[in-house]
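Colleague: File name work24.csv; file contents CSV, C-alpha atoms; full text below.
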```
chain,number,residue,atom,x,y,z
A,1,MET,CA,18.6,-9.4,14.1
A,2,ARG,CA,17.2,-7.1,16.8
A,3,LEU,CA,18.7,-3.6,17.2
A,4,ASN,CA,18.2,-1.5,20.4
A,5,VAL,CA,17.7,2.2,19.3
A,6,ASN,CA,17.4,3.7,22.8
A,7,LYS,CA,20.6,5.8,22.5
A,8,LEU,CA,19.5,7.0,19.0
A,9,LEU,CA,16.1,8.1,20.2
A,10,HIS,CA,17.4,10.9,22.4
A,11,THR,CA,20.4,12.0,20.4
A,12,PRO,CA,19.6,14.1,17.3
A,13,GLY,CA,22.1,13.4,14.5
A,14,ALA,CA,23.1,10.0,15.9
A,15,ARG,CA,23.4,7.1,13.5
A,16,GLN,CA,24.0,3.4,13.7
A,17,ASP,CA,25.1,1.2,10.8
A,18,PHE,CA,24.3,-2.5,10.5
A,19,HIS,CA,25.3,-5.4,8.3
A,20,PHE,CA,24.0,-9.0,8.5
A,21,GLU,CA,23.2,-12.0,6.3
A,22,MET,CA,19.8,-13.8,6.1
A,23,ASP,CA,18.9,-17.3,4.9
A,24,LEU,CA,15.7,-17.1,2.8
A,25,SER,CA,16.2,-20.5,1.1
A,26,ASP,CA,12.9,-21.6,2.7
A,27,LEU,CA,10.8,-19.0,0.6
A,28,GLU,CA,8.7,-20.6,-2.1
A,29,PHE,CA,7.6,-18.7,-5.1
A,30,GLY,CA,5.6,-20.4,-7.8
A,31,GLY,CA,6.6,-23.9,-6.7
A,32,ARG,CA,10.4,-23.0,-6.7
A,33,TYR,CA,12.9,-21.9,-4.1
A,34,PRO,CA,14.8,-19.1,-5.9
A,35,VAL,CA,16.8,-17.8,-3.0
A,36,SER,CA,19.7,-20.3,-2.9
A,37,ARG,CA,22.4,-17.8,-1.7
A,38,PRO,CA,22.5,-15.7,1.5
A,39,VAL,CA,20.8,-12.3,1.4
A,40,VAL,CA,23.3,-9.6,2.4
A,41,VAL,CA,21.6,-6.7,4.3
A,42,ASP,CA,23.3,-3.3,4.8
A,43,GLY,CA,21.8,-0.2,6.2
A,44,GLN,CA,21.5,2.4,8.9
A,45,VAL,CA,19.2,3.9,11.5
A,46,LYS,CA,19.6,7.6,12.0
A,47,ASN,CA,18.0,10.3,14.1
A,48,GLU,CA,16.9,13.1,11.8
A,49,ALA,CA,15.5,16.0,13.8
A,50,GLY,CA,14.1,13.7,16.5
A,51,VAL,CA,12.6,11.2,13.9
A,52,LEU,CA,14.3,7.7,13.6
A,53,VAL,CA,14.7,6.7,9.9
A,54,CYS,CA,15.7,3.2,9.0
A,55,GLU,CA,17.1,2.6,5.5
A,56,LEU,CA,18.3,-0.8,4.3
A,57,GLN,CA,19.3,-2.6,1.2
A,58,ALA,CA,19.2,-6.4,0.6
A,59,ASP,CA,21.3,-8.0,-2.1
A,60,THR,CA,21.4,-11.6,-3.5
A,61,THR,CA,21.4,-13.6,-6.7
A,62,LEU,CA,18.2,-15.6,-7.5
A,63,SER,CA,18.1,-18.9,-9.3
A,64,SER,CA,15.2,-18.1,-11.7
A,65,VAL,CA,13.3,-19.8,-14.6
A,66,CYS,CA,12.2,-17.6,-17.5
A,67,ASP,CA,8.4,-17.5,-17.8
A,68,ARG,CA,8.5,-17.4,-21.6
A,69,CYS,CA,11.2,-19.9,-22.6
A,70,LEU,CA,11.6,-22.0,-19.4
A,71,GLU,CA,15.4,-21.6,-19.3
A,72,GLU,CA,17.1,-21.4,-16.0
A,73,PHE,CA,19.3,-18.3,-15.3
A,74,ASP,CA,20.8,-16.4,-12.4
A,75,GLU,CA,19.3,-13.0,-11.7
A,76,PRO,CA,20.8,-10.3,-9.3
A,77,LYS,CA,18.2,-9.0,-6.9
A,78,THR,CA,18.5,-5.7,-4.9
A,79,VAL,CA,15.8,-4.5,-2.6
A,80,SER,CA,15.8,-1.0,-1.0
A,81,TYR,CA,13.5,-0.2,1.9
A,82,SER,CA,13.0,2.8,4.1
A,83,CYS,CA,10.7,3.4,7.1
A,84,VAL,CA,10.2,5.6,10.1
A,85,LEU,CA,10.6,4.0,13.6
A,86,ALA,CA,8.3,5.3,16.3
A,87,GLU,CA,7.4,4.4,19.9
A,88,GLU,CA,3.7,4.5,19.0
A,89,LYS,CA,1.6,5.1,15.9
A,90,GLN,CA,-0.4,8.3,15.6
A,91,PHE,CA,-2.4,7.1,12.6
A,92,GLU,CA,-3.2,3.4,12.1
A,93,ASP,CA,-3.3,3.6,8.2
A,94,ASN,CA,0.3,4.6,7.7
A,95,ASP,CA,2.4,1.5,6.7
A,96,ASP,CA,5.7,3.5,6.6
A,97,ILE,CA,5.9,3.7,10.4
A,98,VAL,CA,7.2,0.7,12.3
A,99,VAL,CA,6.4,0.6,16.0
A,100,LEU,CA,9.4,-0.2,18.3
A,101,GLU,CA,9.0,-3.0,20.8
A,102,GLN,CA,10.8,-1.9,24.1
A,103,ASP,CA,13.1,0.4,22.1
A,104,GLU,CA,14.1,-2.4,19.7
A,105,VAL,CA,13.4,-3.1,16.0
A,106,ASP,CA,13.7,-6.5,14.3
A,107,LEU,CA,15.8,-5.6,11.3
A,108,GLY,CA,15.6,-9.2,10.1
A,109,GLU,CA,11.8,-9.2,9.9
A,110,LEU,CA,11.8,-5.8,8.2
A,111,ALA,CA,14.3,-7.0,5.5
A,112,ARG,CA,12.5,-10.3,5.1
A,113,SER,CA,9.1,-8.5,4.5
A,114,ALA,CA,10.6,-6.0,2.1
A,115,PHE,CA,12.3,-8.8,0.2
A,116,ILE,CA,9.1,-10.8,-0.1
A,117,LEU,CA,7.0,-7.9,-1.2
A,118,ASP,CA,9.5,-6.9,-3.9
A,119,MET,CA,9.7,-10.3,-5.5
A,120,ASP,CA,8.7,-10.2,-9.2
A,121,THR,CA,5.5,-12.1,-10.3
A,122,LYS,CA,7.0,-12.7,-13.7
A,123,THR,CA,10.7,-13.4,-14.5
A,124,LEU,CA,12.3,-13.1,-17.9
A,125,CYS,CA,15.8,-14.1,-19.0
A,126,SER,CA,15.9,-11.0,-21.1
A,127,PRO,CA,13.3,-8.3,-22.1
A,128,ASP,CA,13.3,-9.5,-25.7
A,129,CYS,CA,12.8,-13.2,-24.9
A,130,LYS,CA,10.8,-14.8,-27.8
A,131,GLY,CA,9.6,-17.8,-25.7
A,132,LEU,CA,8.5,-21.2,-26.9
A,133,CYS,CA,6.6,-21.9,-30.1
A,134,GLY,CA,3.0,-22.9,-29.3
A,135,GLY,CA,3.0,-25.5,-32.1
A,136,CYS,CA,6.4,-27.4,-32.1
A,137,GLY,CA,7.7,-26.2,-28.7
A,138,VAL,CA,11.2,-25.1,-29.8
A,139,ASN,CA,12.9,-22.2,-28.0
A,140,LEU,CA,12.6,-19.4,-30.4
A,141,ASN,CA,15.6,-17.7,-28.9
A,142,ARG,CA,17.8,-20.5,-30.2
A,143,GLU,CA,16.2,-21.8,-33.4
A,144,LYS,CA,13.5,-21.1,-35.9
A,145,CYS,CA,10.0,-22.6,-35.7
A,146,ARG,CA,9.6,-26.0,-37.3
A,147,CYS,CA,5.8,-25.7,-37.8
A,148,LYS,CA,4.4,-25.8,-41.3
A,149,LYS,CA,2.4,-22.7,-42.1
A,150,GLN,CA,-1.3,-23.5,-41.9
A,151,VAL,CA,-3.3,-22.4,-44.9
A,152,ASP,CA,-6.6,-20.8,-44.2
A,153,PRO,CA,-9.2,-23.3,-45.3
A,154,ARG,CA,-11.0,-20.6,-47.2
A,155,LEU,CA,-7.9,-20.0,-49.3
A,156,ALA,CA,-7.0,-23.7,-49.8
A,157,ALA,CA,-8.0,-23.7,-53.5
A,158,LEU,CA,-5.7,-20.8,-54.1
A,159,ALA,CA,-2.8,-22.5,-52.3
A,160,LYS,CA,-3.2,-25.5,-54.7
A,161,LEU,CA,-2.6,-23.1,-57.6
A,162,LEU,CA,0.8,-22.2,-56.1
A,163,GLU,CA,2.0,-25.8,-56.1
```
For the structure just supplied, provide its representation as structure tokens.

Modeller:
Amino acid sequence: MRLNVNKLLHTPGARQDFHFEMDLSDLEFGGRYPVSRPVVVDGQVKNEAGVLVCELQADTTLSSVCDRCLEEFDEPKTVSYSCVLAEEKQFEDNDDIVVLEQDEVDLGELARSAFILDMDTKTLCSPDCKGLCGGCGVNLNREKCRCKKQVDPRLAALAKLLE
């Protein structure tokens, strides 16, 4: 979605709200496509003392797989992003300034980039997920480990005494 901000550029205190939906189902993360629902983007562009500020928030629900127990779960995802819009950059090393193209900004591209950069590298079904047993493979969140306790070979003679 492209937004023309020409009227906002020259009117201090002016503001324009926006709302749109994006389809990001083509994004692949770790061999999966977690964005199965539309991403709803809400925000505004406002002129604060001659400086254009763009603020947006993107919301959706991701279809995720826990990295510890491999269970599938739905995870709400909210991304907030803010930047300054300018007709030209004064300093090249400032990533918080987005240059306008003929008084227009591509809000879809801003929201898409912010969403991608905010994706988690590790997903957990819960912070206290116990994961899978390395020996028998059971989900430790649901049942106890079935592995027999291995006796240290140095203590094997003592273990026989307990039998």

Colleague: Just checking: using all atoms listed in the file, which residue out of A:Lys46, A:Lys160, A:Arg112, A:Arg68 ends up closest to Tyr81 of chain A?

Modeller: A:Arg112

Colleague: When you look at segment 4-12 of chain A with a cut-off of 12 Å (counting only C-alpha atoms), what residues show up, excluding the ones that are within fewer than 3 positions of it in the same chain? I need them as JSON, numbers by chain.

Modeller: {"A": [1, 15, 16, 17, 18, 44, 45, 46, 47, 48, 49, 50, 51, 52, 53, 54, 84, 85, 86, 87, 99, 100, 101, 102, 103, 104, 105, 106, 107]}

Colleague: Compare A:Gly31, A:Glu71, A:Gln57, A:Gly43 by their minimum atom-to-atom distance to Gly131 of chain A, counting only C-alpha atoms, and give me the closest one.

Modeller: A:Glu71

Colleague: Quick one: pull the distance between atom CA of Glu28 of chain A and atom CA of Glu109 of chain A, Å, one decimal.

Modeller: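 Answer for the atom CA of Glu28 of chain A to atom CA of Glu109 of chain A separation: 16.8 Å.
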
Colleague: Which residue out of A:Met119, A:Val41, A:Cys69, A:Pro153 has the minimum interatomic distance to Asn141 of chain A when only C-alpha atoms are used?

Modeller: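 Of the candidates, the smallest distance to Asn141 of chain A is held by A:Cys69.
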
Colleague: Could you please determine the separation between atom CA of Asp59 of chain A and atom CA of Val79 of chain A in Å, to one decimal place?

Modeller: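 We find that atom CA of Asp59 of chain A and atom CA of Val79 of chain A lie 6.5 Å from each other.
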
Colleague: Nearest to Asp96 of chain A among A:Ala159, A:Glu55, A:Met22, A:Leu70, with distances taken over only C-alpha atoms: which residue is it?

Modeller: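 Among the listed residues, A:Glu55 lies closest to Asp96 of chain A.
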
Colleague: Considering all atoms listed in the file, can you say which of A:Ala114, A:Cys66, A:Val98, A:Ala157 comes closest to Pro127 of chain A?

Modeller: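 Among the listed residues, the smallest separation from Pro127 of chain A belongs to A:Cys66.
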
Colleague: Set the distance at 10 Å and use only C-alpha atoms: which residues neighbour Ser36 of chain A once local chain neighbours fewer than 6 positions away are removed? I'd like the list as a list of chain:residue names.

Modeller: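 Answer for this query is A:Asp23, A:Leu24, A:Ser25, A:Asp26, A:Leu27, A:Thr60, A:Thr61, A:Leu62, A:Ser63.
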